[in-house]
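Shown next: entry-v4.txt, containing compact mmCIF, C-alpha atoms (C1' of nucleotides).
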```
# COMPACT_ATOMS: atom_id res chain seq x y z
CA MET U 20 33.96 180.49 115.90
CA TYR U 21 33.98 176.73 116.25
CA LEU U 22 35.24 175.54 119.62
CA ALA U 23 37.51 172.54 119.36
CA GLY U 24 36.44 169.76 121.69
CA SER U 25 32.81 170.76 122.06
CA ARG U 26 30.19 169.33 119.78
CA GLN U 27 27.70 172.15 120.18
CA GLY U 28 24.81 169.95 121.18
CA GLY U 29 26.25 166.58 120.30
CA PHE U 30 24.94 166.40 116.74
CA HIS U 31 27.42 166.29 113.90
CA CYS U 32 25.45 168.61 111.69
CA SER U 33 26.55 172.16 112.44
CA ALA U 34 28.41 174.04 109.74
CA GLY U 35 31.63 173.82 111.73
CA ASP U 36 31.23 170.08 111.97
CA ARG U 37 30.63 169.63 108.28
CA LEU U 38 33.71 171.70 107.51
CA ILE U 39 35.79 169.56 109.84
CA GLU U 40 34.46 166.42 108.18
CA SER U 41 35.32 167.54 104.68
CA THR U 42 38.75 168.64 105.89
CA ARG U 43 39.32 165.17 107.36
CA GLU U 44 38.46 163.57 104.05
CA LEU U 45 40.69 165.89 102.09
CA LEU U 46 43.63 165.52 104.48
CA TRP U 47 43.28 161.77 104.14
CA GLU U 48 43.12 161.83 100.35
CA ARG U 49 45.53 164.63 99.51
CA GLY U 50 47.46 165.59 102.62
CA TYR U 51 47.95 169.08 104.00
CA VAL U 52 49.64 170.82 101.06
CA GLY U 53 47.27 169.17 98.62
CA THR U 54 44.22 170.47 100.44
CA SER U 55 43.16 173.93 99.36
CA PRO U 56 40.94 176.23 101.46
CA LYS U 57 38.72 176.44 98.42
CA ALA U 58 38.10 172.69 98.16
CA ILE U 59 37.03 172.36 101.80
CA PRO U 60 33.80 174.41 101.86
CA GLU U 61 33.12 173.29 98.29
CA ARG U 62 32.93 169.67 99.40
CA SER U 63 30.69 170.47 102.34
CA GLY U 64 28.41 172.58 100.17
CA ALA U 65 29.27 175.90 101.80
CA GLY U 66 30.85 179.14 100.68
CA GLN U 67 34.43 180.11 101.43
CA GLY U 68 33.44 183.01 103.63
CA SER U 69 31.55 180.69 105.96
CA MET U 70 34.72 178.73 106.53
CA TYR U 71 36.72 181.78 107.51
CA HIS U 72 33.94 182.79 109.84
CA HIS U 73 34.21 179.51 111.79
CA PHE U 74 37.96 178.98 111.60
CA LYS U 75 40.97 181.20 111.63
CA GLY U 76 42.44 179.56 108.53
CA LYS U 77 43.75 176.37 107.09
CA PRO U 78 46.05 175.41 110.01
CA ASP U 79 43.26 175.98 112.54
CA LEU U 80 40.85 173.81 110.59
CA ALA U 81 43.51 171.16 110.05
CA LEU U 82 44.11 171.00 113.79
CA ALA U 83 40.44 170.37 114.50
CA ALA U 84 40.29 167.74 111.74
CA ILE U 85 43.44 165.95 112.86
CA ARG U 86 42.27 165.87 116.48
CA ARG U 87 38.99 164.32 115.53
CA THR U 88 40.59 161.75 113.24
CA ALA U 89 43.07 160.77 115.93
CA GLU U 90 40.29 160.46 118.50
CA GLU U 91 38.27 158.26 116.19
CA MET U 92 41.17 155.98 115.38
CA ARG U 93 41.91 155.53 119.04
CA ALA U 94 38.29 154.67 119.81
CA THR U 95 38.25 152.09 117.02
CA ALA U 96 41.45 150.45 118.23
CA GLU U 97 40.23 150.53 121.81
CA GLY U 98 37.07 148.71 120.81
CA VAL U 99 39.03 145.83 119.38
CA LEU U 100 41.87 145.68 121.91
CA ASP U 101 39.56 145.79 124.94
CA GLY U 102 37.39 143.08 123.47
CA PRO U 103 37.15 139.44 124.52
CA GLY U 104 39.71 136.73 123.86
CA THR U 105 43.28 135.84 124.70
CA PRO U 106 46.02 138.43 124.20
CA TYR U 107 46.98 136.74 120.92
CA GLU U 108 43.38 136.78 119.72
CA ARG U 109 42.94 140.44 120.54
CA ILE U 110 46.12 141.34 118.67
CA GLU U 111 44.98 139.20 115.78
CA ALA U 112 41.61 140.95 115.81
CA TYR U 113 43.38 144.30 115.70
CA LEU U 114 45.61 143.24 112.81
CA ARG U 115 42.79 141.69 110.83
CA ARG U 116 40.15 144.30 111.41
CA GLU U 117 38.56 145.70 108.31
CA ARG U 118 40.51 148.54 106.77
CA ASP U 119 40.31 150.68 103.69
CA VAL U 120 43.87 149.59 102.97
CA LEU U 121 44.42 151.41 99.69
CA ARG U 122 43.36 154.73 101.20
CA GLY U 123 46.14 154.44 103.76
CA CYS U 124 46.04 155.31 107.44
CA PRO U 125 44.41 158.71 108.02
CA VAL U 126 46.71 159.27 111.00
CA GLY U 127 49.97 157.69 109.85
CA ARG U 128 49.72 159.44 106.51
CA LEU U 129 50.15 162.78 108.20
CA THR U 130 53.70 161.94 109.25
CA MET U 131 54.77 162.32 105.63
CA ASP U 132 53.44 165.87 105.55
CA PRO U 133 56.31 168.27 106.25
CA TYR U 134 53.98 171.00 107.43
CA VAL U 135 52.30 168.70 109.95
CA ILE U 136 55.62 167.41 111.25
CA ALA U 137 57.03 170.92 111.51
CA SER U 138 54.16 172.04 113.74
CA ASP U 139 54.15 170.71 117.28
CA ALA U 140 50.43 171.39 117.60
CA LEU U 141 49.50 169.40 114.49
CA ARG U 142 51.95 166.60 115.19
CA ALA U 143 50.87 166.12 118.81
CA PRO U 144 47.58 164.28 118.15
CA VAL U 145 49.35 161.98 115.70
CA ASP U 146 52.16 161.26 118.12
CA GLU U 147 49.86 160.74 121.08
CA THR U 148 47.60 158.35 119.23
CA LEU U 149 50.37 156.14 117.91
CA ASP U 150 52.05 156.28 121.28
CA TRP U 151 48.89 155.28 123.11
CA LEU U 152 48.43 152.40 120.65
CA ARG U 153 51.94 151.13 121.26
CA GLU U 154 51.53 151.25 125.01
CA ARG U 155 48.19 149.47 124.88
CA LEU U 156 49.63 146.74 122.67
CA ALA U 157 52.67 146.46 124.95
CA GLN U 158 50.38 145.76 127.92
CA ILE U 159 48.60 143.05 126.00
CA VAL U 160 51.87 141.44 124.93
CA GLU U 161 53.12 141.48 128.52
CA GLU U 162 49.87 139.95 129.64
CA GLY U 163 50.24 137.24 127.01
CA ARG U 164 53.77 136.55 128.11
CA GLU U 165 52.70 136.04 131.71
CA ARG U 166 49.88 133.75 130.68
CA GLY U 167 52.23 131.74 128.51
CA GLY U 168 50.84 132.70 125.12
CA PHE U 169 53.98 134.52 124.05
CA ALA U 170 57.62 133.56 124.36
CA ALA U 171 59.23 134.65 127.63
CA GLY U 172 62.10 136.47 125.92
CA LEU U 173 59.92 139.03 124.15
CA ASP U 174 59.87 142.70 125.10
CA GLY U 175 56.36 144.12 125.16
CA GLU U 176 57.30 147.61 123.98
CA GLU U 177 59.42 146.29 121.15
CA ILE U 178 56.80 143.86 119.90
CA ALA U 179 54.20 146.60 120.13
CA ALA U 180 56.36 148.83 117.95
CA THR U 181 56.75 145.98 115.47
CA ILE U 182 53.00 145.44 115.34
CA VAL U 183 52.17 149.09 114.72
CA ALA U 184 55.00 149.43 112.21
CA THR U 185 53.82 146.36 110.31
CA VAL U 186 50.39 147.91 109.93
CA GLN U 187 51.70 151.32 108.93
CA GLY U 188 54.20 149.82 106.52
CA GLY U 189 51.55 147.48 105.17
CA TYR U 190 49.67 150.52 103.90
CA VAL U 191 52.82 151.64 102.10
CA LEU U 192 53.27 148.27 100.38
CA ALA U 193 49.61 148.10 99.42
CA ARG U 194 49.56 151.59 97.93
CA ALA U 195 52.80 150.97 96.06
CA SER U 196 51.42 147.84 94.42
CA GLY U 197 47.87 149.10 94.04
CA SER U 198 46.52 146.06 95.89
CA PRO U 199 45.79 145.18 99.52
CA ALA U 200 47.53 141.81 99.08
CA ALA U 201 50.88 142.95 100.43
CA PHE U 202 49.23 144.40 103.54
CA ASP U 203 47.54 141.08 104.22
CA ALA U 204 50.75 139.15 103.59
CA GLY U 205 52.65 141.29 106.09
CA VAL U 206 49.95 140.76 108.69
CA ARG U 207 49.91 137.00 108.15
CA GLY U 208 53.71 136.92 108.41
CA LEU U 209 53.62 138.81 111.69
CA LEU U 210 50.88 136.58 113.08
CA SER U 211 52.88 133.48 112.17
CA LEU U 212 55.86 134.92 114.05
CA LEU U 213 53.71 135.79 117.06
CA SER U 214 51.78 132.55 116.92
CA PRO U 215 51.93 130.80 120.28
CA PRO U 216 53.20 127.21 120.39
CA ALA U 217 50.41 124.72 119.67
CA ASP U 218 50.20 123.40 123.24
CA THR U 219 49.17 126.80 124.66
CA ARG U 220 46.34 127.38 122.16
CA ALA U 221 42.69 126.64 122.56
CA PRO U 222 41.78 123.35 120.85
CA MET P 30 66.78 167.31 76.38
CA TYR P 31 67.98 165.02 79.12
CA LEU P 32 67.73 161.35 78.23
CA ALA P 33 66.52 159.20 81.08
CA GLY P 34 68.78 156.25 81.66
CA SER P 35 71.91 157.67 80.05
CA ARG P 36 74.43 159.53 82.11
CA GLN P 37 75.90 161.55 79.25
CA GLY P 38 79.45 160.55 79.86
CA GLY P 39 79.06 158.92 83.23
CA PHE P 40 79.82 161.99 85.33
CA HIS P 41 77.12 163.36 87.61
CA CYS P 42 77.82 166.95 86.80
CA SER P 43 75.75 167.94 83.79
CA ALA P 44 72.96 170.42 84.25
CA GLY P 45 70.35 167.72 83.76
CA ASP P 46 71.97 165.67 86.48
CA ARG P 47 72.07 168.50 88.93
CA LEU P 48 68.40 169.20 88.29
CA ILE P 49 67.54 165.56 88.90
CA GLU P 50 69.52 165.60 92.12
CA SER P 51 67.78 168.66 93.49
CA THR P 52 64.43 167.19 92.47
CA ARG P 53 65.26 164.02 94.38
CA GLU P 54 66.05 166.02 97.49
CA LEU P 55 62.88 168.07 97.22
CA LEU P 56 60.66 165.06 96.57
CA TRP P 57 62.15 163.43 99.63
CA GLU P 58 61.65 166.48 101.83
CA ARG P 59 58.37 167.86 100.54
CA GLY P 60 56.74 165.32 98.23
CA TYR P 61 55.40 165.97 94.75
CA VAL P 62 52.80 168.66 95.45
CA GLY P 63 55.15 170.41 97.83
CA THR P 64 57.87 170.67 95.22
CA SER P 65 57.54 173.73 92.99
CA PRO P 66 59.21 174.05 89.57
CA LYS P 67 60.74 177.24 90.89
CA ALA P 68 62.47 175.59 93.85
CA ILE P 69 64.15 172.93 91.75
CA PRO P 70 66.51 175.01 89.58
CA GLU P 71 66.92 177.42 92.47
CA ARG P 72 68.44 174.70 94.61
CA SER P 73 70.76 173.57 91.84
CA GLY P 74 71.84 177.13 91.12
CA ALA P 75 70.20 177.37 87.71
CA GLY P 76 67.43 179.45 86.15
CA GLN P 77 63.95 178.18 85.51
CA GLY P 78 64.29 178.34 81.75
CA SER P 79 67.20 175.94 81.85
CA MET P 80 65.02 173.38 83.55
CA TYR P 81 62.33 173.56 80.90
CA HIS P 82 65.01 173.20 78.26
CA HIS P 83 66.14 169.86 79.69
CA PHE P 84 62.79 168.50 80.82
CA LYS P 85 59.27 168.69 79.52
CA GLY P 86 57.91 169.73 82.91
CA LYS P 87 57.49 168.76 86.50
CA PRO P 88 56.13 165.23 85.88
CA ASP P 89 58.97 164.44 83.47
CA LEU P 90 61.58 165.60 85.93
CA ALA P 91 59.88 163.73 88.77
CA LEU P 92 59.98 160.55 86.74
CA ALA P 93 63.73 160.84 86.21
CA ALA P 94 64.25 161.64 89.91
CA ILE P 95 62.08 158.79 91.15
CA ARG P 96 63.78 156.31 88.84
CA ARG P 97 67.18 157.28 90.09
CA THR P 98 66.14 157.17 93.74
CA ALA P 99 64.59 153.74 93.28
CA GLU P 100 67.70 152.47 91.51
CA GLU P 101 69.91 153.75 94.31
CA MET P 102 67.79 152.24 97.06
CA ARG P 103 67.85 148.90 95.32
CA ALA P 104 71.62 148.99 94.92
CA THR P 105 72.03 149.79 98.61
CA ALA P 106 69.78 146.94 99.70
CA GLU P 107 71.44 144.58 97.26
CA GLY P 108 74.84 145.40 98.76
CA VAL P 109 73.70 144.33 102.22
CA LEU P 110 71.50 141.36 101.26
CA ASP P 111 74.11 139.82 98.96
CA GLY P 112 76.77 140.19 101.64
CA PRO P 113 78.32 137.48 103.79
CA GLY P 114 76.67 135.75 106.72
CA THR P 115 73.78 133.45 107.49
CA PRO P 116 70.30 134.36 106.22
CA TYR P 117 69.43 135.71 109.66
CA GLU P 118 72.58 137.80 109.77
CA ARG P 119 71.95 139.30 106.34
CA ILE P 120 68.39 140.22 107.29
CA GLU P 121 69.67 141.67 110.52
CA ALA P 122 72.27 143.68 108.61
CA TYR P 123 69.52 145.00 106.34
CA LEU P 124 67.31 145.96 109.27
CA ARG P 125 70.11 147.57 111.22
CA ARG P 126 71.84 149.39 108.40
CA GLU P 127 72.38 153.07 108.93
CA ARG P 128 69.39 155.18 107.93
CA ASP P 129 68.38 158.79 108.10
CA VAL P 130 65.31 157.61 109.98
CA LEU P 131 63.69 160.98 110.61
CA ARG P 132 63.85 161.91 106.94
CA GLY P 133 61.77 158.86 106.09
CA CYS P 134 62.20 156.51 103.16
CA PRO P 135 62.71 158.39 99.88
CA VAL P 136 60.87 155.62 98.03
CA GLY P 137 58.15 154.64 100.49
CA ARG P 138 57.26 158.27 101.09
CA LEU P 139 56.06 158.59 97.53
CA THR P 140 53.19 156.18 98.16
CA MET P 141 51.48 158.88 100.21
CA ASP P 142 51.59 161.26 97.24
CA PRO P 143 48.23 161.08 95.44
CA TYR P 144 49.73 162.37 92.20
CA VAL P 145 52.45 159.71 92.21
CA ILE P 146 49.97 156.93 92.97
CA ALA P 147 47.57 158.15 90.30
CA SER P 148 50.27 157.95 87.62
CA ASP P 149 51.28 154.46 86.53
CA ALA P 150 54.58 155.76 85.18
CA LEU P 151 55.56 157.43 88.46
CA ARG P 152 54.30 154.60 90.64
CA ALA P 153 56.05 151.86 88.64
CA PRO P 154 59.61 152.45 89.94
CA VAL P 155 58.30 152.57 93.50
CA ASP P 156 56.30 149.38 93.07
CA GLU P 157 59.10 147.53 91.30
CA THR P 158 61.67 148.43 93.92
CA LEU P 159 59.57 147.38 96.90
CA ASP P 160 58.51 144.29 95.03
CA TRP P 161 62.08 143.35 94.20
CA LEU P 162 63.02 143.87 97.85
CA ARG P 163 60.26 141.58 99.06
CA GLU P 164 61.21 138.86 96.62
CA ARG P 165 64.87 139.07 97.54
CA LEU P 166 64.04 138.85 101.24
CA ALA P 167 61.66 135.97 100.58
CA GLN P 168 64.49 134.00 98.94
CA ILE P 169 66.71 134.63 101.93
CA VAL P 170 64.01 133.54 104.37
CA GLU P 171 63.40 130.35 102.37
CA GLU P 172 67.12 129.72 102.37
CA GLY P 173 67.21 130.17 106.12
CA ARG P 174 64.30 127.82 106.58
CA GLU P 175 66.03 125.08 104.62
CA ARG P 176 69.22 125.55 106.56
CA GLY P 177 67.33 125.40 109.81
CA GLY P 178 67.80 129.02 110.88
CA PHE P 179 64.10 129.82 110.63
CA ALA P 180 61.07 127.88 111.79
CA ALA P 181 59.75 125.43 109.22
CA GLY P 182 56.21 126.82 109.31
CA LEU P 183 57.14 130.27 108.04
CA ASP P 184 56.17 131.51 104.60
CA GLY P 185 59.01 133.38 102.86
CA GLU P 186 56.83 135.87 101.02
CA GLU P 187 54.79 136.68 104.10
CA ILE P 188 57.81 137.19 106.32
CA ALA P 189 59.41 139.31 103.63
CA ALA P 190 56.31 141.52 103.56
CA THR P 191 56.46 141.79 107.34
CA ILE P 192 60.12 142.81 107.23
CA VAL P 193 59.63 145.52 104.61
CA ALA P 194 56.47 146.75 106.33
CA THR P 195 58.25 146.98 109.69
CA VAL P 196 60.90 149.20 108.14
CA GLN P 197 58.42 151.39 106.29
CA GLY P 198 56.18 151.66 109.33
CA GLY P 199 59.18 152.32 111.53
CA TYR P 200 59.74 155.54 109.63
CA VAL P 201 56.15 156.54 110.35
CA LEU P 202 56.54 155.93 114.09
CA ALA P 203 59.83 157.77 114.19
CA ARG P 204 58.53 160.80 112.37
CA ALA P 205 55.40 160.90 114.52
CA SER P 206 57.44 160.94 117.71
CA GLY P 207 60.29 163.04 116.39
CA SER P 208 62.81 160.40 117.43
CA PRO P 209 64.36 157.33 115.81
CA ALA P 210 63.77 155.31 118.99
CA ALA P 211 60.48 153.77 117.84
CA PHE P 212 62.04 152.65 114.56
CA ASP P 213 64.80 150.89 116.45
CA ALA P 214 62.33 149.31 118.87
CA GLY P 215 60.29 147.91 116.00
CA VAL P 216 63.39 146.45 114.40
CA ARG P 217 64.53 144.88 117.66
CA GLY P 218 61.07 143.41 118.17
CA LEU P 219 61.07 141.89 114.71
CA LEU P 220 64.56 140.49 115.16
CA SER P 221 63.55 138.89 118.45
CA LEU P 222 60.62 137.23 116.68
CA LEU P 223 62.82 136.05 113.83
CA SER P 224 65.62 135.01 116.12
CA PRO P 225 66.51 131.39 115.46
CA PRO P 226 66.45 128.94 118.38
CA ALA P 227 69.73 128.95 120.30
CA ASP P 228 70.85 125.51 119.15
CA THR P 229 70.99 126.55 115.48
CA ARG P 230 73.05 129.68 116.04
CA ALA P 231 76.77 130.09 115.77
CA PRO P 232 78.40 129.88 119.20
C1' DG B 20 26.10 183.28 109.64
C1' DT B 21 26.44 182.86 104.84
C1' DC B 22 27.26 184.51 100.41
C1' DT B 23 29.83 186.75 96.29
C1' DA B 24 33.47 189.65 94.96
C1' DT B 25 37.97 190.88 95.21
C1' DA B 26 43.11 191.13 96.40
C1' DC B 27 47.47 189.19 96.68
C1' DT B 28 50.69 185.64 96.30
C1' DG B 29 52.80 181.81 94.50
C1' DC B 30 52.66 177.81 90.98
C1' DG B 31 53.60 175.91 86.44
C1' DA B 32 54.90 177.00 82.02
C1' DT B 33 56.37 179.89 77.93
C1' DA B 34 58.82 183.58 75.15
C1' DG B 35 62.47 185.53 73.51
C1' DA B 36 66.96 187.94 74.41
C1' DC B 37 71.85 186.68 74.94
C1' DG D 13 72.00 176.28 76.85
C1' DT D 14 70.97 179.73 80.06
C1' DC D 15 68.85 183.76 81.60
C1' DT D 16 65.06 187.21 82.74
C1' DA D 17 60.43 188.61 81.78
C1' DT D 18 55.99 187.47 81.49
C1' DC D 19 51.51 184.87 81.42
C1' DG D 20 47.32 182.52 83.11
C1' DC D 21 45.65 180.17 86.88
C1' DA D 22 44.96 178.35 91.52
C1' DG D 23 45.87 178.89 96.49
C1' DT D 24 44.95 181.69 100.60
C1' DA D 25 42.63 185.15 102.75
C1' DT D 26 39.68 189.39 103.33
C1' DA D 27 35.73 192.75 102.50
C1' DG D 28 31.38 193.86 102.61
C1' DA D 29 26.55 192.96 101.01
C1' DC D 30 22.49 190.31 102.58
```

Represent the structure from my file as structure tokens, please.
Amino acid sequence: MYLAGSRQGGFHCSAGDRLIESTRELLWERGYVGTSPKAIPERSGAGQGSMYHHFKGKPDLALAAIRRTAEEMRATAEGVLDGPGTPYERIEAYLRRERDVLRGCPVGRLTMDPYVIASDALRAPVDETLDWLRERLAQIVEEGRERGGFAAGLDGEEIAATIVATVQGGYVLARASGSPAAFDAGVRGLLSLLSPPADTRAP
Amino acid sequence: MYLAGSRQGGFHCSAGDRLIESTRELLWERGYVGTSPKAIPERSGAGQGSMYHHFKGKPDLALAAIRRTAEEMRATAEGVLDGPGTPYERIEAYLRRERDVLRGCPVGRLTMDPYVIASDALRAPVDETLDWLRERLAQIVEEGRERGGFAAGLDGEEIAATIVATVQGGYVLARASGSPAAFDAGVRGLLSLLSPPADTRAP
DNA sequence: GTCTATACTGCGATAGAC
DNA sequence: GTCTATCGCAGTATAGAC
């Protein structure tokens, strides 16, 4: 049985790991209902029996996959938000970072899955990740406000929610139109609204 | 056979209509893959054979349902955006209008359905509706810029994309956390960014 | 541990009585 | 037009050989 949280040596090459990876891909592409327990081992080149040896069933495997996806997304965001630059620049870097826009957000997507939302265990990693992201962005906005980069009247938590929502909604617009253009437009619009007055910017 | 577009007398009470209505509900709650051709007539109190008499199958019925949902969403938005008030006030009214936040957007939700996105026919009503909404908002932003309510440097299309994205992403945040609070925070944040300078506002 | 074979349940659609 | 009966197939899970 695969133990969630451990990596069994640190290499991502055990059978359990490969099953989790193919589940992550399938959840991203097709969502929970659209992912069959037959397709998972098929994609990782294993037999179905092997899967049921390592995991109790589809929900168990989904939990492991969702946890890992959430962890990864958080690490990626952390890398950008903890980077160098002014608060505005770090937020800009986050908004402009490379994304597979048309594939959607592997975490945000799950909120449209009724089964995921109905299960506290499956929803928790999604909630915690988006919540962490909002709090981290709120800190940065507050920091920018103190240093004069952002307008004094802004509320850090509210702006953080707007930033995350713009990204998540950008995926929706892009997928609807079949082009990343709308995502980029939304980001540019938000940046223009956040843009500090000229006299506080670097030359 | 039900004819898409006609209402067969104008009353929403024919069998075809009831089937479309229950399909709309199910698509909203469970998405395309999660909606079985058994559940649809069941919910509308009919037998399965009746459904296949009126519609060619699940995709046909989904098309009729999606078209009607898109039409309704557009009419709702139009009612608010064509209402009285300054450009800022109309955008505020749109952002603050009553919503069943935790249920998500019946139109935007469909973009996370691989089957819907893969079909041009099913995706078209979704795309057209969100596209119309962005264009309408862009006009209003441009209007506000000319009248001095919005900053001169803003781009109407970009801000419109940001507005729609904030709403769509707000649903994601709300569903992730199980509370509408994050949606409201995102909207307040956006409004504070859009907020015209004090000297241009009504007293 | 991994595989193939098998069971059971629903999905998606059709047939044919009324 | 509507219903019940039925079909073939895929989803979900288990059994048991290797």

D:DG13 environment, 12 Å, all atoms listed in the file, sequence neighbours closer than 2 positions dropped, as a PyMOL selection string:
(chain P and resi 30+43-45+75-83) or (chain B and resi 37) or (chain D and resi 15)

Okay, now the selection with C-alpha atoms (C1' of nucleotides), as a PDB file, in the coordinates of the input?
```
ATOM      1  CA  MET P  30      66.780 167.310  76.380  1.00  0.00           C
ATOM      2  CA  SER P  43      75.750 167.940  83.790  1.00  0.00           C
ATOM      3  CA  ALA P  44      72.960 170.420  84.250  1.00  0.00           C
ATOM      4  CA  GLY P  45      70.350 167.720  83.760  1.00  0.00           C
ATOM      5  CA  ALA P  75      70.200 177.370  87.710  1.00  0.00           C
ATOM      6  CA  GLY P  76      67.430 179.450  86.150  1.00  0.00           C
ATOM      7  CA  GLN P  77      63.950 178.180  85.510  1.00  0.00           C
ATOM      8  CA  GLY P  78      64.290 178.340  81.750  1.00  0.00           C
ATOM      9  CA  SER P  79      67.200 175.940  81.850  1.00  0.00           C
ATOM     10  CA  MET P  80      65.020 173.380  83.550  1.00  0.00           C
ATOM     11  CA  TYR P  81      62.330 173.560  80.900  1.00  0.00           C
ATOM     12  CA  HIS P  82      65.010 173.200  78.260  1.00  0.00           C
ATOM     13  CA  HIS P  83      66.140 169.860  79.690  1.00  0.00           C
TER      14      HIS P  83
ATOM     15  C1'  DC B  37      71.850 186.680  74.940  1.00  0.00           C
TER      16       DC B  37
ATOM     17  C1'  DC D  15      68.850 183.760  81.600  1.00  0.00           C
TER      18       DC D  15
END
```

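When all atoms listed in the file are used to measure the gap to chain P, the shortest distance among U:Ser63, U:Thr148, U:Ser41, U:Thr130 belongs to U:Thr130.
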
Show me, as a PyMOL selection string, the residues of chain B whose atoms get within 9 Å of chain P, using all atoms listed in the file for the distance check.
chain B and resi 30-33

Check: which chain P residues lie within 9 Å of chain U using only C-alpha atoms, as a PDB file with C-alpha atoms, in the frame of the given file:
```pdb
ATOM      1  CA  GLU P  58      61.650 166.480 101.830  1.00  0.00           C
ATOM      2  CA  ARG P  59      58.370 167.860 100.540  1.00  0.00           C
ATOM      3  CA  GLY P  60      56.740 165.320  98.230  1.00  0.00           C
ATOM      4  CA  VAL P  62      52.800 168.660  95.450  1.00  0.00           C
ATOM      5  CA  GLY P  63      55.150 170.410  97.830  1.00  0.00           C
ATOM      6  CA  GLY P 133      61.770 158.860 106.090  1.00  0.00           C
ATOM      7  CA  GLY P 137      58.150 154.640 100.490  1.00  0.00           C
ATOM      8  CA  ARG P 138      57.260 158.270 101.090  1.00  0.00           C
ATOM      9  CA  LEU P 139      56.060 158.590  97.530  1.00  0.00           C
ATOM     10  CA  THR P 140      53.190 156.180  98.160  1.00  0.00           C
ATOM     11  CA  MET P 141      51.480 158.880 100.210  1.00  0.00           C
ATOM     12  CA  ASP P 142      51.590 161.260  97.240  1.00  0.00           C
ATOM     13  CA  PRO P 143      48.230 161.080  95.440  1.00  0.00           C
ATOM     14  CA  TYR P 144      49.730 162.370  92.200  1.00  0.00           C
ATOM     15  CA  ILE P 146      49.970 156.930  92.970  1.00  0.00           C
ATOM     16  CA  ARG P 152      54.300 154.600  90.640  1.00  0.00           C
ATOM     17  CA  ALA P 153      56.050 151.860  88.640  1.00  0.00           C
ATOM     18  CA  VAL P 155      58.300 152.570  93.500  1.00  0.00           C
ATOM     19  CA  ASP P 156      56.300 149.380  93.070  1.00  0.00           C
ATOM     20  CA  GLU P 157      59.100 147.530  91.300  1.00  0.00           C
ATOM     21  CA  LEU P 159      59.570 147.380  96.900  1.00  0.00           C
ATOM     22  CA  ASP P 160      58.510 144.290  95.030  1.00  0.00           C
ATOM     23  CA  GLY P 182      56.210 126.820 109.310  1.00  0.00           C
ATOM     24  CA  LEU P 183      57.140 130.270 108.040  1.00  0.00           C
ATOM     25  CA  ASP P 184      56.170 131.510 104.600  1.00  0.00           C
ATOM     26  CA  GLY P 185      59.010 133.380 102.860  1.00  0.00           C
ATOM     27  CA  GLU P 186      56.830 135.870 101.020  1.00  0.00           C
ATOM     28  CA  GLU P 187      54.790 136.680 104.100  1.00  0.00           C
ATOM     29  CA  ILE P 188      57.810 137.190 106.320  1.00  0.00           C
ATOM     30  CA  ALA P 189      59.410 139.310 103.630  1.00  0.00           C
ATOM     31  CA  ALA P 190      56.310 141.520 103.560  1.00  0.00           C
ATOM     32  CA  THR P 191      56.460 141.790 107.340  1.00  0.00           C
ATOM     33  CA  ILE P 192      60.120 142.810 107.230  1.00  0.00           C
ATOM     34  CA  VAL P 193      59.630 145.520 104.610  1.00  0.00           C
ATOM     35  CA  ALA P 194      56.470 146.750 106.330  1.00  0.00           C
ATOM     36  CA  THR P 195      58.250 146.980 109.690  1.00  0.00           C
ATOM     37  CA  VAL P 196      60.900 149.200 108.140  1.00  0.00           C
ATOM     38  CA  GLN P 197      58.420 151.390 106.290  1.00  0.00           C
ATOM     39  CA  GLY P 198      56.180 151.660 109.330  1.00  0.00           C
ATOM     40  CA  GLY P 199      59.180 152.320 111.530  1.00  0.00           C
ATOM     41  CA  TYR P 200      59.740 155.540 109.630  1.00  0.00           C
ATOM     42  CA  VAL P 201      56.150 156.540 110.350  1.00  0.00           C
ATOM     43  CA  LEU P 202      56.540 155.930 114.090  1.00  0.00           C
ATOM     44  CA  ALA P 203      59.830 157.770 114.190  1.00  0.00           C
ATOM     45  CA  ARG P 204      58.530 160.800 112.370  1.00  0.00           C
ATOM     46  CA  ALA P 205      55.400 160.900 114.520  1.00  0.00           C
ATOM     47  CA  SER P 206      57.440 160.940 117.710  1.00  0.00           C
ATOM     48  CA  GLY P 207      60.290 163.040 116.390  1.00  0.00           C
ATOM     49  CA  ALA P 211      60.480 153.770 117.840  1.00  0.00           C
ATOM     50  CA  PHE P 212      62.040 152.650 114.560  1.00  0.00           C
ATOM     51  CA  ASP P 213      64.800 150.890 116.450  1.00  0.00           C
ATOM     52  CA  ALA P 214      62.330 149.310 118.870  1.00  0.00           C
ATOM     53  CA  GLY P 215      60.290 147.910 116.000  1.00  0.00           C
ATOM     54  CA  VAL P 216      63.390 146.450 114.400  1.00  0.00           C
ATOM     55  CA  ARG P 217      64.530 144.880 117.660  1.00  0.00           C
ATOM     56  CA  GLY P 218      61.070 143.410 118.170  1.00  0.00           C
ATOM     57  CA  LEU P 219      61.070 141.890 114.710  1.00  0.00           C
ATOM     58  CA  SER P 221      63.550 138.890 118.450  1.00  0.00           C
ATOM     59  CA  LEU P 222      60.620 137.230 116.680  1.00  0.00           C
ATOM     60  CA  LEU P 223      62.820 136.050 113.830  1.00  0.00           C
TER      61      LEU P 223
END
```

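From atom CA of P:Thr105 back to atom CA of P:Glu54, the distance works out to 17.3 Å.
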
Padding of 5 Å on every side, edges along x, y and z, all listed atoms of stretch 15-30 of chain D included: what centre and edge lengths in Å, to one decimal, does that box have, as lines of an AutoDock Vina configuration file?
```
center_x = 45.7
center_y = 186.1
center_z = 92.4
size_x = 56.4
size_y = 25.5
size_z = 31.9
```

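Between atom CA of U:Glu161 and atom CA of U:Glu108 lies a distance of 13.9 Å.
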